[in-house]
Amino acid sequence: MLKELMFYLKDKRQRLKWTQHDLSLESSISQTVISRIENGHDTGSVREFFALLETLDIDREEFIMQLDLISPRKQLDDARKHKDFTKMKEVLEGIPSYIREKNSYLNTYCIYHEALLSYRADDLVRAIHLLQEAKSMLEIYNPIDVILAEIHLMIGIIELQLGREAFQHFKKANHVIKNVLVTRQNFKHIIRVYGNLAAIYCRKGWFHLVKRELDNATALQKQFESTYLKTDIEYSRLLLYMNTKDPLLHDQFTYMKCLLKDYPNEKIKQRLSNIRIRID
């Protein structure tokens with residue numbers, strides 16, 4: 001991320017047909033510092049960095065937008081969303097250690113994704129160790145965070161696989177996520193956590209908790225007029241009705257078939273084809 005960002009600054013300088021010496025004279029920043037910044041060895045001080053932006057006539061909003069596009073956190077989010085573990089590994093390897101040392105939140109983010117890679121490699125012991133480390137760090141300086149809810153969720157999943165008590169971790173995930181300030185930027189992330197909790201509770205037979213999480217997810221979908229994970233959420237509701245023999249079961253089954261016409265989902269369509277609903 002840092003190298004790409006510094007290339008952006010260097011490219012801007014070269015398009016102005018300035019040498020590093022020219023930029024140094026215009027900005028009153030030493031050529032040595034400029035060289036280190038452009039080569040990705042350092043970011044300079046905040047004053048120096050923004051002085052360069054101003055000297056190169058780079059609008060701050062333009063810069064922030066560019067920064068967001070190449071942000072390692074965003075790249076890790078995208079890799080996690082698409083389950084692209086190769087990309088996840090590449091992003092992690094591309095973040096210099098000194099940047100992680102300077103940015104505690106980014107470091108925590110990296111540890112969390114390293115845990116996901118360990119889980120992917122079936123190294124459950126290392127995965128849970130890394131998750132516990134990330135959890136401890138977040139609980140100190142950001143106790144209400146969507147990622148912290150995901151971490152509690154993952155710890156619970158691994159504890160289940162290891163045959164250990166896991167409910168406390170799911171309970172903590174719910175406590176964190178329901179206290180997160182919901183925005184248009186994070187509501188999909190929150191819906192995903194609620195959906196995952198519902199799926200886990202359904203497998204464990206904790207059906208009263210399944211309904212709670214599904215209702216939470218549906219409320220957010222309605223609030224933001226979104227269809228994000230709609231088929232997944234409604235399929236989980238169908239499973240809930242099947243397991244509790246809810247009188248709305250047949251209606252939900254019919255609704256699911258209609259829903260799949262508007263929002264195709266081959267995996268759920270296949271599962272639905274294996275379900276037989278008896279009408280009494």
# chains A, B, ... in the order shown; residues from 1 in each chain; ligands from 1
>>> residues_around(residues="A:His21", least_positions_apart="3", cutoff="7 Å", atoms="only C-alpha atoms", output="list in words")
Ser24, Leu25 and Gln31 of chain A
>>> write_last_selection(atoms="C-alpha atoms", output="compact mmCIF listing (two decimals), in the first residue's frame")
# COMPACT_ATOMS: atom_id res chain seq x y z
CA SER A 24 12.72 20.35 -2.12
CA LEU A 25 13.15 24.03 -2.97
CA GLN A 31 15.74 16.12 -0.74
>>> residues_around(residues="A:Leu148", least_positions_apart="3", cutoff="10 Å", atoms="only C-alpha atoms", output="list in words")
Thr108, Tyr109, Tyr112, Leu131, Ala134, Lys135, Ser136, Met137, Leu138, Glu139, Asn142, Pro143, Ile144, Asp145, Ile151, His152, Leu153, Met154, Lys172, Ala173, Val176 and Ile177 of chain A
>>> residues_around(residues="A:Lys222", least_positions_apart="5", cutoff="12 Å", atoms="only C-alpha atoms", output="list in words")
Phe187, Lys188, Ile191, Asp215, Asn216, Ala217, Thr227, Tyr228 and Lys230 of chain A
>>> closest_residue(among="A:Ala149, A:Ile277, A:Met256, A:Leu23", to="A:Arg192", atoms="only C-alpha atoms")
A:Ala149
>>> residues_around(residues="stretch 87-91 of chain A", least_positions_apart="6", cutoff="10 Å", atoms="only C-alpha atoms", output="PDB file with C-alpha atoms, in the first residue's frame")
ATOM      1  CA  MET A   1       0.000   0.000   0.000  1.00  0.00           C
ATOM      2  CA  SER A  71      -5.882   0.993   1.773  1.00  0.00           C
ATOM      3  CA  PRO A  72      -4.635  -2.399   3.026  1.00  0.00           C
ATOM      4  CA  ARG A  73      -7.682  -2.622   5.278  1.00  0.00           C
ATOM      5  CA  GLN A  75      -7.946  -4.746   0.285  1.00  0.00           C
ATOM      6  CA  LEU A  76      -8.129  -7.232   3.163  1.00  0.00           C
ATOM      7  CA  ASP A  77     -11.875  -6.616   3.473  1.00  0.00           C
ATOM      8  CA  ASP A  78     -12.347  -7.338  -0.237  1.00  0.00           C
ATOM      9  CA  ALA A  79     -10.196 -10.477  -0.067  1.00  0.00           C
ATOM     10  CA  ARG A  80     -12.138 -11.728   2.958  1.00  0.00           C
ATOM     11  CA  CYS A 110      -3.445  -7.958  10.033  1.00  0.00           C
ATOM     12  CA  HIS A 113      -6.442 -11.992   8.779  1.00  0.00           C
ATOM     13  CA  GLU A 114      -3.356 -14.032   9.635  1.00  0.00           C
ATOM     14  CA  LEU A 116      -8.074 -16.572   9.003  1.00  0.00           C
ATOM     15  CA  LEU A 117      -5.196 -17.886   6.886  1.00  0.00           C
TER      16      LEU A 117
END
>>> select_by_dssp(residues="stretch 75-194 of chain A", states="helix (DSSP H, G or I)", output="NGL selection string")
:A and (75-81 or 85-93 or 97-102 or 104-120 or 124-141 or 146-161 or 167-178 or 187-194)
>>> residues_around(residues="A:Asn265", least_positions_apart="6", cutoff="12 Å", atoms="only C-alpha atoms", output="number ranges by chain")
A: 229-232, 235, 256-259, 271-272
>>> atom_distance(atom1="atom CA of A:Leu52", atom2="atom CA of A:Ile95")
22.6 Å
>>> residues_around(residues="A:Glu234", least_positions_apart="6", cutoff="10 Å", atoms="only C-alpha atoms", output="ChimeraX atom specification")
/A:195,214,218,240,252-253,255-256,259
